[in-house]
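One file, run-v2.tsv, is given below (TSV, C-alpha atoms).
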```tsv
chain	number	residue	atom	x	y	z
A	1	MET	CA	77.83	21.43	140.02
A	2	ASN	CA	75.20	19.90	142.30
A	3	ILE	CA	72.44	18.22	140.26
A	4	ARG	CA	69.30	17.14	142.10
A	5	ILE	CA	66.55	14.95	140.62
A	6	ARG	CA	63.01	15.00	141.95
A	7	PRO	CA	59.55	13.94	140.76
A	8	TYR	CA	57.80	16.29	138.33
A	9	GLN	CA	55.09	18.56	139.72
A	10	GLU	CA	52.34	20.32	137.76
A	11	LYS	CA	54.01	23.67	138.54
A	12	ASP	CA	57.06	22.46	136.52
A	13	LYS	CA	55.14	22.40	133.22
A	14	PRO	CA	56.18	25.91	132.04
A	15	ALA	CA	59.86	25.14	132.71
A	16	VAL	CA	59.67	21.79	130.90
A	17	LEU	CA	57.99	23.45	127.91
A	18	HIS	CA	60.73	26.09	127.94
A	19	LEU	CA	63.36	23.31	127.75
A	20	LEU	CA	61.56	21.79	124.76
A	21	ARG	CA	61.32	25.13	122.98
A	22	LYS	CA	65.06	25.75	123.50
A	23	SER	CA	65.72	22.32	121.95
A	24	THR	CA	63.49	22.96	118.91
A	25	PRO	CA	64.18	22.54	115.99
A	26	ARG	CA	67.63	21.00	116.65
A	27	TYR	CA	66.43	18.05	118.76
A	28	PHE	CA	62.64	18.17	118.43
A	29	HIS	CA	60.28	19.02	115.60
A	30	PRO	CA	57.95	21.99	116.33
A	31	THR	CA	54.89	19.71	116.15
A	32	GLU	CA	56.18	17.71	119.13
A	33	GLU	CA	55.18	20.39	121.65
A	34	ASP	CA	51.54	19.33	121.35
A	35	ASP	CA	52.62	15.71	121.93
A	36	LEU	CA	54.51	16.72	125.07
A	37	LEU	CA	51.47	18.56	126.41
A	38	ILE	CA	49.30	15.48	125.86
A	39	TYR	CA	51.94	13.36	127.57
A	40	LEU	CA	52.17	15.65	130.61
A	41	ASP	CA	48.38	16.00	130.90
A	42	GLU	CA	47.21	12.48	130.04
A	43	GLN	CA	50.01	9.91	129.79
A	44	LEU	CA	52.28	10.79	132.68
A	45	GLU	CA	53.32	7.87	134.89
A	46	ASP	CA	56.75	8.64	136.37
A	47	TYR	CA	58.36	11.90	135.28
A	48	PHE	CA	61.34	13.62	136.83
A	49	VAL	CA	63.10	16.95	136.64
A	50	ALA	CA	66.79	17.67	137.13
A	51	LEU	CA	67.65	20.86	138.99
A	52	ILE	CA	70.71	22.95	139.56
A	53	GLY	CA	69.81	25.20	142.44
A	54	ASP	CA	66.13	25.97	141.90
A	55	GLY	CA	66.37	25.92	138.09
A	56	ILE	CA	65.09	23.01	136.03
A	57	VAL	CA	67.79	21.96	133.57
A	58	GLY	CA	66.43	18.61	132.44
A	59	SER	CA	63.50	16.25	132.51
A	60	GLY	CA	62.59	12.70	131.59
A	61	GLY	CA	59.93	10.09	132.19
A	62	ILE	CA	59.07	6.43	132.38
A	63	ASN	CA	56.01	4.65	131.08
A	64	TYR	CA	55.27	1.03	131.99
A	65	PHE	CA	53.96	-1.85	129.90
A	66	PRO	CA	53.90	-4.71	132.43
A	67	SER	CA	51.99	-7.09	130.14
A	68	ASP	CA	54.98	-6.80	127.77
A	69	TYR	CA	57.51	-6.85	130.66
A	70	LYS	CA	58.94	-3.53	129.56
A	71	ALA	CA	59.22	0.13	130.46
A	72	ARG	CA	59.89	3.05	128.15
A	73	ILE	CA	62.15	5.96	128.91
A	74	SER	CA	60.36	8.97	127.49
A	75	TRP	CA	60.62	12.69	126.82
A	76	ASP	CA	64.23	13.30	127.78
A	77	ILE	CA	64.89	17.01	127.47
A	78	ILE	CA	68.11	18.67	128.63
A	79	ASP	CA	68.65	22.43	128.62
A	80	THR	CA	70.88	23.09	125.61
A	81	ASP	CA	73.05	25.37	127.79
A	82	PHE	CA	73.88	22.34	129.95
A	83	HIS	CA	74.60	19.64	127.35
A	84	GLY	CA	77.71	17.59	128.05
A	85	ARG	CA	77.60	18.08	131.82
A	86	GLY	CA	76.23	14.67	132.79
A	87	ILE	CA	72.62	15.69	133.40
A	88	GLY	CA	71.20	13.33	130.77
A	89	ARG	CA	73.36	10.49	132.05
A	90	LEU	CA	72.16	11.04	135.63
A	91	LEU	CA	68.52	11.16	134.54
A	92	VAL	CA	68.85	7.92	132.56
A	93	GLU	CA	70.75	6.14	135.35
A	94	GLN	CA	68.17	7.25	137.91
A	95	ARG	CA	65.26	6.00	135.80
A	96	LEU	CA	66.98	2.70	134.99
A	97	ALA	CA	67.43	2.20	138.76
A	98	VAL	CA	63.70	2.82	139.28
A	99	ILE	CA	62.80	0.42	136.46
A	100	GLN	CA	65.15	-2.32	137.71
A	101	LYS	CA	63.33	-2.38	141.07
A	102	LYS	CA	60.17	-3.56	139.32
A	103	ALA	CA	60.25	-7.35	139.17
A	104	ASP	CA	57.78	-7.50	136.27
A	105	ILE	CA	59.98	-5.39	133.96
A	106	LYS	CA	62.66	-7.20	131.94
A	107	THR	CA	63.44	-4.58	129.28
A	108	ALA	CA	63.77	-0.81	129.10
A	109	GLU	CA	63.29	0.78	125.74
A	110	VAL	CA	63.76	4.24	124.35
A	111	ARG	CA	62.38	5.73	121.17
A	112	THR	CA	64.72	8.47	120.03
A	113	SER	CA	66.05	10.06	116.86
A	114	GLN	CA	69.24	9.85	114.85
A	115	ILE	CA	70.39	12.95	116.73
A	116	ALA	CA	70.44	11.32	120.19
A	117	HIS	CA	70.80	7.60	119.53
A	118	GLY	CA	74.58	7.72	120.12
A	119	PHE	CA	74.01	8.95	123.66
A	120	TYR	CA	71.71	6.01	124.43
A	121	ARG	CA	74.17	3.58	122.85
A	122	LYS	CA	76.79	4.86	125.33
A	123	MET	CA	74.26	4.24	128.10
A	124	GLY	CA	74.06	0.55	127.09
A	125	PHE	CA	71.01	0.54	124.82
A	126	GLY	CA	71.17	-1.56	121.67
A	127	LEU	CA	69.58	-0.57	118.37
A	128	ASP	CA	66.48	-2.61	117.49
A	129	SER	CA	65.15	-0.76	114.43
A	130	VAL	CA	65.10	2.49	112.47
A	131	GLU	CA	62.11	4.11	110.77
A	132	LYS	CA	62.83	7.06	108.50
A	133	ASP	CA	60.86	10.31	109.03
A	134	TYR	CA	58.83	8.80	111.89
A	135	TRP	CA	58.55	11.86	114.15
A	136	ALA	CA	58.51	14.32	111.24
A	137	LYS	CA	60.46	14.80	108.00
A	138	GLY	CA	64.13	14.53	108.93
A	139	PHE	CA	63.42	13.05	112.38
A	140	ASP	CA	63.91	9.28	112.20
A	141	LEU	CA	62.80	6.83	114.90
A	142	TYR	CA	65.60	4.84	116.50
A	143	GLN	CA	64.01	2.09	118.61
A	144	MET	CA	66.53	0.96	121.24
A	145	SER	CA	66.44	-1.32	124.26
A	146	ILE	CA	68.40	-2.65	127.19
A	147	HIS	CA	67.65	-6.00	128.83
A	148	PHE	CA	68.02	-6.68	132.53
A	149	LYS	CA	69.50	-9.84	134.01
A	150	GLU	CA	67.06	-12.16	135.78
A	151	ASN	CA	69.01	-12.04	139.08
A	152	ARG	CA	68.47	-8.48	140.21
```

Translate the structure described by the file into structure tokens.
Amino acid sequence: MNIRIRPYQEKDKPAVLHLLRKSTPRYFHPTEEDDLLIYLDEQLEDYFVALIGDGIVGSGGINYFPSDYKARISWDIIDTDFHGRGIGRLLVEQRLAVIQKKADIKTAEVRTSQIAHGFYRKMGFGLDSVEKDYWAKGFDLYQMSIHFKENR
């Protein structure tokens, strides 16, 4: 299986929304679609899509907070038909590599739910805090981070 990652383009929006809808309500609350649209239209900094052939099977972004020396991995969405095939891992590794090239960033964080926090723990993120029903009822916030060594 050849997985390719490239920067998001405006024409990818319908496919990314389709991924979110396939993942709702198991991984995302229905109200989060509006949040994703706002993100794609107004808050996008670096966002990437994962492809197999010409089909988008995953996506994920990065937002930067240089005054806090951190970056946030955001809006990871993997096609539910492709879970467990390494797409999420590749997207996270690729974004961590991008983040580590920025000298002013010392920490990468992710805000996820109880459903996906185990995946990020396997990727090296540590748990910082939990807030019950943050995203919506039954969708808790798991704030996680990974710190980079000074000698990069």

**Item:** Distance query 8 Å from (57.6, 12.1, 134.9) using only C-alpha atoms, result as a PyMOL selection string
**Value:** chain A and resi 7-8+40+44-49+59-62

**Item:** d(CA of Ile77 in chain A, CA of His18 in chain A) in Å
**Value:** 10.0 Å

**Asked** Counting all atoms listed in the file, what is within 10 Å of range 119-134 of chain A, bar same-chain residues fewer than 4 positions away, as a PyMOL selection string?
**Response** chain A and resi 88-89+92-93+108-115+138-147

**Prompt:** Ala103 in chain A: which residues within 12 Å, counting all atoms listed in the file, same-chain residues fewer than 3 positions away excluded, as a PyMOL selection string?
**Reply:** chain A and resi 66+69-71+97-100+106-107+148-152

**Complete:** Atom pair CA of His117 in chain A + CA of Lys13 in chain A, distance 25.5 Å

**Message:** Need to verify the contact set: Leu37 in chain A, 9 Å, all atoms listed in the file, exclusion of same-chain residues closer than 4 positions in sequence. Can you return it as a ChimeraX atom specification?
**Reply:** /A:13,17,32-33,41-42

**Request:** Tell me which of A:Gly55, A:Arg6, A:Tyr64, A:Phe28 sits closest to Asp104 in chain A, counting only C-alpha atoms.
**Result:** A:Tyr64

**Message:** For Lys22 in chain A, find every residue with an atom within 12 Å (counting all atoms listed in the file), except residues of its own chain fewer than 2 positions away, and show them as a PyMOL selection string.
**Reply:** chain A and resi 15-20+24-30+33+57-58+77-83

How would the residues just chosen look if you wrote them out with C-alpha atoms as a short mmCIF file (atom, residue, chain, number, x, y, z; two decimals), in the frame of the given file?
```cif
data_model
loop_
_atom_site.label_atom_id
_atom_site.label_comp_id
_atom_site.auth_asym_id
_atom_site.auth_seq_id
_atom_site.Cartn_x
_atom_site.Cartn_y
_atom_site.Cartn_z
CA ALA A 15 59.86 25.14 132.71
CA VAL A 16 59.67 21.79 130.90
CA LEU A 17 57.99 23.45 127.91
CA HIS A 18 60.73 26.09 127.94
CA LEU A 19 63.36 23.31 127.75
CA LEU A 20 61.56 21.79 124.76
CA THR A 24 63.49 22.96 118.91
CA PRO A 25 64.18 22.54 115.99
CA ARG A 26 67.63 21.00 116.65
CA TYR A 27 66.43 18.05 118.76
CA PHE A 28 62.64 18.17 118.43
CA HIS A 29 60.28 19.02 115.60
CA PRO A 30 57.95 21.99 116.33
CA GLU A 33 55.18 20.39 121.65
CA VAL A 57 67.79 21.96 133.57
CA GLY A 58 66.43 18.61 132.44
CA ILE A 77 64.89 17.01 127.47
CA ILE A 78 68.11 18.67 128.63
CA ASP A 79 68.65 22.43 128.62
CA THR A 80 70.88 23.09 125.61
CA ASP A 81 73.05 25.37 127.79
CA PHE A 82 73.88 22.34 129.95
CA HIS A 83 74.60 19.64 127.35
#
```

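Rounded to one decimal, CA of Trp75 in chain A and CA of Ala116 in chain A lie 11.9 Å from each other.
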